[in-house]
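Student: What follows is a single structure, and I will ask about it in a moment.
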Amino acid sequence: MTENPVFDDDIMITMRAVADSVGLPYTVNPVELVDREAVVEVREGPAGPPGPEGDRAWPWEWQGDIADVDALRALGLTTADARKAWRVVSDNAVYFWTGMEFIAFGNAFGKRGQRGPASRMTGSGVAGPAGSAATAQLIGEAPEQHLEITFPRGEVGDPGEPGTVGRIQDSADVLVDADHLLGQNFVLSWDAALQKFTPVPSPRLMGPWAIGQGQFNGGSNLDDAHRVLASITIPAQPMAWQPVVEGIVGVASKPTDQSTACHIEVRLGDPKEGDLVGLGVGSPATTFPVAMVAPAFAQPVSPEQPLAVVPANRTVTLYVVVRRAYGTGRYTVGSHGAQIIVYARPV
């Protein structure tokens, strides 16, 4: 028997399942051939058991609801929009865009989905015009939503009774606690970091304390290289502070020996080793037998690196001394008109 081929070429065969509602034992399977494509309809068999779980699907970029398919096609999607999906409300189906065509999932809805993230709701009340109706609106999208309720403003009431006098430290914008204590002569200063007023030492100078002329241990024909002339004790202060010293002390070399000069020093805590806080430069000339004392430090000083700081709540003594700066001659310290004035600068 010789076979006569009907079609000698490669073709694409598509098999399509056809439902058999009658349940016939035999059926005729039609074949339709058009150009190089063939369609074969075969009877649909009974449903088989569930297959193994497949790989995870590509993630969808959910775009929300759209009215119908026409509105979806009007979007003019391209390959750049691949993996986007919409719920078409008219079909109640999900349409997934592959980048080339849509794939419709008619059974995508009907089962309860996974629990979404919890919504963090905030709320606020707004006063509306008097006589208006109360309204409410949700602002934002889950999980960050805000409920705003507008209440109609009421009529202006009668003036209330005068309130009682309150303390400044009880104000909402004032912070007084264990870390920000009130102290004597403290003032309130705005703290930008805390956004509140906090107590700080008063920036003004405290004092003064003074040593008068009758309290100086002066003399003539003195030969000491270092001699304590006076001292003053400053009581404890509620804040840390630096001494500010000024004054005048008579000091002169022996008229027959002008090769010697003596300085007046004010030192903190110890007459020899204490921090220098005041200095009056003496002259070997007898025409100017006084030393004008002004604030002075032995090392550079800055707000970031202060010197001679007295801690809070500590009593301290300042010493006024005369020191032979150069030469070996004798000298005189006059107490008439001498005085030293001390102020406390808070730091």
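Identifiers in the structure tokens: chain A, B, ... in order shown; residue index from 1 per chain; ligand index from 1 in order shown.
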Any idea what's packed within 8 Å of Ile66 in chain A, counting only C-alpha atoms, ignoring anything in its chain fewer than 4 positions away? Could you give it as a PyMOL selection string?
Tutor: chain A and resi 71-72+86-89
Student: Restricted to C-alpha atoms, what would the selected residues look like written as a compact mmCIF listing (two decimals), in the first residue's frame?
Tutor:
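Written file, part34.txt:
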```
# COMPACT_ATOMS: atom_id res chain seq x y z
CA ALA A 71 -10.55 51.97 29.66
CA LEU A 72 -7.68 49.55 30.27
CA TRP A 86 -5.58 45.99 37.41
CA ARG A 87 -8.93 44.87 38.68
CA VAL A 88 -11.46 45.47 35.91
CA VAL A 89 -14.64 46.33 37.78
```
Student: I want to know what sits within 12 Å of Asp257 in chain A, based on only C-alpha atoms, with residues of the same chain fewer than 2 positions away left out; could you give that as a PDB file with N, CA, C and O atoms, in the first residue's frame?
Tutor:
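What follows is the written file out_8.pdb:
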```pdb
ATOM      1  N   ASN A 221      61.527  99.507 102.938  1.00  0.00           N
ATOM      2  CA  ASN A 221      62.842  98.857 102.977  1.00  0.00           C
ATOM      3  C   ASN A 221      62.706  97.336 103.037  1.00  0.00           C
ATOM      4  O   ASN A 221      63.430  96.649 103.753  1.00  0.00           O
ATOM      5  N   ALA A 252      57.169 100.689  95.183  1.00  0.00           N
ATOM      6  CA  ALA A 252      58.251 101.472  94.570  1.00  0.00           C
ATOM      7  C   ALA A 252      59.590 100.913  95.005  1.00  0.00           C
ATOM      8  O   ALA A 252      59.734 100.389  96.122  1.00  0.00           O
ATOM      9  N   SER A 253      60.568 101.035  94.116  1.00  0.00           N
ATOM     10  CA  SER A 253      61.929 100.615  94.447  1.00  0.00           C
ATOM     11  C   SER A 253      62.594 101.663  95.336  1.00  0.00           C
ATOM     12  O   SER A 253      62.142 102.822  95.445  1.00  0.00           O
ATOM     13  N   LYS A 254      63.710 101.302  95.946  1.00  0.00           N
ATOM     14  CA  LYS A 254      64.478 102.235  96.771  1.00  0.00           C
ATOM     15  C   LYS A 254      65.010 103.342  95.867  1.00  0.00           C
ATOM     16  O   LYS A 254      65.539 103.064  94.785  1.00  0.00           O
ATOM     17  N   PRO A 255      64.838 104.620  96.253  1.00  0.00           N
ATOM     18  CA  PRO A 255      65.241 105.717  95.357  1.00  0.00           C
ATOM     19  C   PRO A 255      66.678 105.633  94.878  1.00  0.00           C
ATOM     20  O   PRO A 255      66.998 106.060  93.766  1.00  0.00           O
ATOM     21  N   SER A 259      67.244  99.684  89.751  1.00  0.00           N
ATOM     22  CA  SER A 259      67.437  98.481  88.940  1.00  0.00           C
ATOM     23  C   SER A 259      66.491  97.360  89.352  1.00  0.00           C
ATOM     24  O   SER A 259      66.600  96.247  88.847  1.00  0.00           O
ATOM     25  N   THR A 260      65.591  97.641  90.259  1.00  0.00           N
ATOM     26  CA  THR A 260      64.670  96.622  90.787  1.00  0.00           C
ATOM     27  C   THR A 260      63.227  97.044  90.503  1.00  0.00           C
ATOM     28  O   THR A 260      62.880  98.217  90.649  1.00  0.00           O
ATOM     29  N   ALA A 261      62.392  96.065  90.091  1.00  0.00           N
ATOM     30  CA  ALA A 261      60.958  96.304  89.884  1.00  0.00           C
ATOM     31  C   ALA A 261      60.174  95.176  90.535  1.00  0.00           C
ATOM     32  O   ALA A 261      60.582  94.006  90.475  1.00  0.00           O
ATOM     33  N   SER A 283      57.074  99.543  88.401  1.00  0.00           N
ATOM     34  CA  SER A 283      58.114 100.209  87.616  1.00  0.00           C
ATOM     35  C   SER A 283      59.318 100.483  88.497  1.00  0.00           C
ATOM     36  O   SER A 283      59.169 100.803  89.685  1.00  0.00           O
ATOM     37  N   PRO A 284      60.525 100.385  87.938  1.00  0.00           N
ATOM     38  CA  PRO A 284      61.711 100.733  88.750  1.00  0.00           C
ATOM     39  C   PRO A 284      61.833 102.239  88.989  1.00  0.00           C
ATOM     40  O   PRO A 284      62.582 102.666  89.873  1.00  0.00           O
ATOM     41  N   ALA A 285      61.100 103.038  88.217  1.00  0.00           N
ATOM     42  CA  ALA A 285      61.189 104.494  88.373  1.00  0.00           C
ATOM     43  C   ALA A 285      60.368 104.941  89.575  1.00  0.00           C
ATOM     44  O   ALA A 285      59.257 104.457  89.807  1.00  0.00           O
ATOM     45  N   THR A 286      60.891 105.845  90.339  1.00  0.00           N
ATOM     46  CA  THR A 286      60.192 106.355  91.525  1.00  0.00           C
ATOM     47  C   THR A 286      59.136 107.388  91.171  1.00  0.00           C
ATOM     48  O   THR A 286      58.373 107.816  92.044  1.00  0.00           O
ATOM     49  N   GLY A 327      65.946  92.317  89.512  1.00  0.00           N
ATOM     50  CA  GLY A 327      66.791  93.092  90.406  1.00  0.00           C
ATOM     51  C   GLY A 327      66.895  92.454  91.782  1.00  0.00           C
ATOM     52  O   GLY A 327      66.246  91.449  92.096  1.00  0.00           O
ATOM     53  N   THR A 328      67.738  93.087  92.655  1.00  0.00           N
ATOM     54  CA  THR A 328      67.937  92.560  94.016  1.00  0.00           C
ATOM     55  C   THR A 328      67.759  93.635  95.070  1.00  0.00           C
ATOM     56  O   THR A 328      67.985  93.398  96.254  1.00  0.00           O
ATOM     57  N   GLY A 329      67.352  94.834  94.652  1.00  0.00           N
ATOM     58  CA  GLY A 329      67.242  95.923  95.589  1.00  0.00           C
ATOM     59  C   GLY A 329      66.026  95.835  96.483  1.00  0.00           C
ATOM     60  O   GLY A 329      65.108  95.030  96.280  1.00  0.00           O
ATOM     61  N   ARG A 330      66.002  96.713  97.473  1.00  0.00           N
ATOM     62  CA  ARG A 330      64.884  96.765  98.390  1.00  0.00           C
ATOM     63  C   ARG A 330      63.749  97.615  97.789  1.00  0.00           C
ATOM     64  O   ARG A 330      63.967  98.377  96.854  1.00  0.00           O
ATOM     65  N   TYR A 331      62.553  97.487  98.411  1.00  0.00           N
ATOM     66  CA  TYR A 331      61.380  98.178  97.860  1.00  0.00           C
ATOM     67  C   TYR A 331      60.429  98.531  98.982  1.00  0.00           C
ATOM     68  O   TYR A 331      60.598  98.093 100.137  1.00  0.00           O
ATOM     69  N   THR A 332      59.429  99.330  98.633  1.00  0.00           N
ATOM     70  CA  THR A 332      58.422  99.788  99.604  1.00  0.00           C
ATOM     71  C   THR A 332      57.031  99.494  99.068  1.00  0.00           C
ATOM     72  O   THR A 332      56.760  99.694  97.880  1.00  0.00           O
TER      73      THR A 332
END
```
Student: Could you state the separation of CA of Pro143 in chain A and CA of Arg120 in chain A in Å, given to one decimal place?
Tutor: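 Separation of CA of Pro143 in chain A and CA of Arg120 in chain A: 5.7 Å.
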Student: Would you pick out the contacts of Ala210 in chain A at 8 Å or less, using only C-alpha atoms, so that residues sharing its chain but fewer than 5 positions from it are not included, and give the list as a list in words?
Tutor: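 That gives Ile232, Gln339, Ile340, Ile341 and Val342 of chain A.
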Student: Could you pull the residues within 10 Å of Val94 in chain A, counting only C-alpha atoms, minus those fewer than 5 positions along the same chain, as number ranges by chain?
Tutor: A: 62, 64-65, 85-89, 102-109
Student: Keeping only C-alpha atoms, take the residues you just selected and write them out as a PDB file, in the first residue's frame.
Tutor:
```
ATOM      1  CA  TRP A  62      -0.900  46.372  41.622  1.00  0.00           C
ATOM      2  CA  GLY A  64      -5.902  49.311  41.620  1.00  0.00           C
ATOM      3  CA  ASP A  65      -9.361  49.332  39.983  1.00  0.00           C
ATOM      4  CA  ALA A  85      -2.128  44.432  37.007  1.00  0.00           C
ATOM      5  CA  TRP A  86      -5.577  45.986  37.413  1.00  0.00           C
ATOM      6  CA  ARG A  87      -8.932  44.872  38.684  1.00  0.00           C
ATOM      7  CA  VAL A  88     -11.461  45.467  35.909  1.00  0.00           C
ATOM      8  CA  VAL A  89     -14.640  46.328  37.781  1.00  0.00           C
ATOM      9  CA  PHE A 102      -3.186  41.099  28.700  1.00  0.00           C
ATOM     10  CA  ILE A 103      -3.859  37.880  30.609  1.00  0.00           C
ATOM     11  CA  ALA A 104      -7.257  37.825  32.323  1.00  0.00           C
ATOM     12  CA  PHE A 105      -7.821  35.928  35.586  1.00  0.00           C
ATOM     13  CA  GLY A 106     -11.553  35.532  35.992  1.00  0.00           C
ATOM     14  CA  ASN A 107     -11.357  33.612  39.261  1.00  0.00           C
ATOM     15  CA  ALA A 108      -8.950  35.963  40.996  1.00  0.00           C
ATOM     16  CA  PHE A 109     -11.615  37.204  43.388  1.00  0.00           C
TER      17      PHE A 109
END
```
Student: At a cut-off of 8 Å, using only C-alpha atoms, what residues contact range 288-297 of chain A? Leave out same-chain residues fewer than 3 positions from it and give the result as a list of chain:residue names.
Tutor: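 Returned residues: A:Val244, A:Val245, A:Glu246, A:Gly247, A:Ile248, A:Val249, A:Gly250, A:Val251, A:Ala252, A:Ser253, A:His263, A:Ile264, A:Glu265, A:Asp275, A:Leu276, A:Val277, A:Gly278, A:Leu279, A:Gly280, A:Val281, A:Gly282, A:Ser283, A:Ala285, A:Pro300, A:Val301, A:Leu307, A:Ile340.
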Student: From range 239-315 of chain A, collect each residue whose DSSP state is strand (DSSP E) and return the set as a count of residues only.
Tutor: 33
Student: Just the residues within 12 Å of Asp170 in chain A, please, counting only C-alpha atoms, with nothing from its chain fewer than 6 positions along; format it as a compact mmCIF listing (two decimals) with all heavy atoms, in the first residue's frame.
Tutor:
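Listing of selection13.txt after writing:
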```
# COMPACT_ATOMS: atom_id res chain seq x y z
N VAL A 176 11.99 72.94 84.71
CA VAL A 176 12.74 72.91 85.97
C VAL A 176 12.63 71.50 86.51
O VAL A 176 11.55 71.04 86.87
CB VAL A 176 12.18 73.93 86.99
CG1 VAL A 176 12.93 73.82 88.31
CG2 VAL A 176 12.27 75.34 86.43
N ASP A 177 13.75 70.76 86.52
CA ASP A 177 13.75 69.39 87.01
C ASP A 177 15.09 69.10 87.66
O ASP A 177 15.86 70.02 87.97
CB ASP A 177 13.45 68.40 85.87
CG ASP A 177 14.43 68.52 84.71
OD1 ASP A 177 15.49 69.17 84.90
OD2 ASP A 177 14.14 67.98 83.63
N LYS A 196 12.52 74.95 75.31
CA LYS A 196 11.96 75.42 76.58
C LYS A 196 12.94 76.39 77.23
O LYS A 196 14.13 76.42 76.90
CB LYS A 196 11.69 74.24 77.53
CG LYS A 196 10.52 73.33 77.14
CD LYS A 196 10.33 72.22 78.15
CE LYS A 196 9.16 71.31 77.74
NZ LYS A 196 7.87 72.00 77.85
N PHE A 197 12.40 77.16 78.20
CA PHE A 197 13.26 78.00 79.03
C PHE A 197 13.80 77.15 80.18
O PHE A 197 13.06 76.39 80.81
CB PHE A 197 12.48 79.19 79.58
CG PHE A 197 12.12 80.22 78.56
CD1 PHE A 197 10.88 80.22 77.94
CD2 PHE A 197 13.03 81.20 78.20
CE1 PHE A 197 10.54 81.17 77.00
CE2 PHE A 197 12.70 82.16 77.25
CZ PHE A 197 11.46 82.14 76.65
N THR A 198 15.11 77.26 80.44
CA THR A 198 15.73 76.53 81.54
C THR A 198 16.50 77.52 82.41
O THR A 198 16.98 78.55 81.93
CB THR A 198 16.68 75.45 81.02
OG1 THR A 198 17.68 76.06 80.19
CG2 THR A 198 15.92 74.41 80.20
```
Student: What lies within 7 Å of range 150-162 of chain A using only C-alpha atoms, ignoring chain neighbours under 6 positions off, as a short mmCIF file (atom, residue, chain, number, x, y, z; two decimals) with N, CA, C and O atoms, in the first residue's frame?
Tutor:
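Listing of selection.cif after writing:
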```cif
data_model
loop_
_atom_site.label_atom_id
_atom_site.label_comp_id
_atom_site.auth_asym_id
_atom_site.auth_seq_id
_atom_site.Cartn_x
_atom_site.Cartn_y
_atom_site.Cartn_z
N GLY A 125 -9.28 67.49 65.83
CA GLY A 125 -10.53 68.24 65.77
C GLY A 125 -10.29 69.65 65.28
O GLY A 125 -9.30 70.28 65.65
N VAL A 126 -11.17 70.12 64.43
CA VAL A 126 -11.05 71.46 63.86
C VAL A 126 -12.34 72.22 64.16
O VAL A 126 -13.44 71.66 64.03
N ALA A 127 -12.22 73.46 64.57
CA ALA A 127 -13.38 74.29 64.84
C ALA A 127 -13.87 74.93 63.55
O ALA A 127 -13.12 75.63 62.87
N GLY A 128 -15.11 74.66 63.18
CA GLY A 128 -15.71 75.26 62.00
C GLY A 128 -16.48 76.52 62.34
O GLY A 128 -16.58 76.91 63.52
N PRO A 129 -17.06 77.18 61.35
CA PRO A 129 -17.83 78.40 61.61
C PRO A 129 -19.04 78.10 62.50
O PRO A 129 -19.59 76.99 62.50
N ALA A 130 -19.45 79.09 63.26
CA ALA A 130 -20.63 78.93 64.11
C ALA A 130 -21.86 78.65 63.25
O ALA A 130 -22.07 79.28 62.21
N GLY A 131 -22.64 77.65 63.65
CA GLY A 131 -23.85 77.31 62.92
C GLY A 131 -23.65 76.33 61.79
O GLY A 131 -24.61 75.90 61.16
N SER A 132 -22.40 75.93 61.50
CA SER A 132 -22.15 74.97 60.42
C SER A 132 -22.41 73.55 60.91
O SER A 132 -22.61 73.31 62.11
N ALA A 133 -22.44 72.61 59.97
CA ALA A 133 -22.68 71.21 60.32
C ALA A 133 -21.36 70.51 60.61
O ALA A 133 -20.32 70.86 60.05
N ALA A 134 -21.42 69.51 61.49
CA ALA A 134 -20.23 68.73 61.80
C ALA A 134 -19.89 67.81 60.62
O ALA A 134 -20.78 67.24 59.99
N THR A 135 -18.62 67.69 60.31
CA THR A 135 -18.17 66.84 59.20
C THR A 135 -16.97 66.02 59.65
O THR A 135 -16.32 66.34 60.65
N ALA A 136 -16.72 64.96 58.91
CA ALA A 136 -15.56 64.11 59.17
C ALA A 136 -15.00 63.65 57.84
O ALA A 136 -15.74 63.38 56.89
#
```
Student: Taking the DSSP assignment computed from this structure's backbone, write out as a ChimeraX atom specification all residues of range 36-213 of chain A that belong to alpha helix (DSSP H).
Tutor: /A:69-73
Student: Hey, can you spit out that residue selection with N, CA, C and O atoms as a PDB file, in the first residue's frame?
Tutor:
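New file result.pdb:
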```pdb
ATOM      1  N   VAL A  69     -12.620  47.044  30.270  1.00  0.00           N
ATOM      2  CA  VAL A  69     -11.499  46.675  29.413  1.00  0.00           C
ATOM      3  C   VAL A  69     -11.145  47.804  28.450  1.00  0.00           C
ATOM      4  O   VAL A  69      -9.972  48.042  28.144  1.00  0.00           O
ATOM      5  N   ASP A  70     -12.174  48.513  27.944  1.00  0.00           N
ATOM      6  CA  ASP A  70     -11.898  49.609  27.021  1.00  0.00           C
ATOM      7  C   ASP A  70     -11.032  50.680  27.684  1.00  0.00           C
ATOM      8  O   ASP A  70     -10.094  51.220  27.074  1.00  0.00           O
ATOM      9  N   ALA A  71     -11.349  50.975  28.937  1.00  0.00           N
ATOM     10  CA  ALA A  71     -10.547  51.965  29.663  1.00  0.00           C
ATOM     11  C   ALA A  71      -9.126  51.454  29.883  1.00  0.00           C
ATOM     12  O   ALA A  71      -8.159  52.217  29.866  1.00  0.00           O
ATOM     13  N   LEU A  72      -8.996  50.137  30.063  1.00  0.00           N
ATOM     14  CA  LEU A  72      -7.675  49.546  30.266  1.00  0.00           C
ATOM     15  C   LEU A  72      -6.844  49.635  28.993  1.00  0.00           C
ATOM     16  O   LEU A  72      -5.661  49.988  29.022  1.00  0.00           O
ATOM     17  N   ARG A  73      -7.462  49.318  27.843  1.00  0.00           N
ATOM     18  CA  ARG A  73      -6.723  49.370  26.582  1.00  0.00           C
ATOM     19  C   ARG A  73      -6.372  50.805  26.188  1.00  0.00           C
ATOM     20  O   ARG A  73      -5.396  51.044  25.464  1.00  0.00           O
TER      21      ARG A  73
END
```
Student: How far is it from CA of Val40 in chain A to CA of Tyr95 in chain A, in Å with one decimal?
Tutor: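 Taking CA of Val40 in chain A and CA of Tyr95 in chain A, their separation equals 28.2 Å.
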Student: Determine the nearest neighbour of Gln242 in chain A from the options A:Gly54, A:Gly212, A:Gly218, A:Gly207, counting only C-alpha atoms.
Tutor: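 Once distances to Gln242 in chain A are computed over only C-alpha atoms, the minimum belongs to A:Gly207.
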Student: Kindly give the distance, in Å, that separates CA of Gly269 in chain A and CA of Gln215 in chain A, rounded to a single decimal.
Tutor: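 Atom-to-atom, CA of Gly269 in chain A and CA of Gln215 in chain A are spaced 18.4 Å apart.
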Student: Would you mind telling me which residue in A:Val333, A:Leu33, A:Met239, A:Val321 lies nearest to Ile13 in chain A when using only C-alpha atoms?
Tutor: A:Leu33
Student: Which of these residues is nearest to Gly219 in chain A, using only C-alpha atoms: A:Asp68, A:Thr14, A:Arg43, A:Ser335?
Tutor: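 Ranked by minimum distance to Gly219 in chain A, first place goes to A:Ser335.
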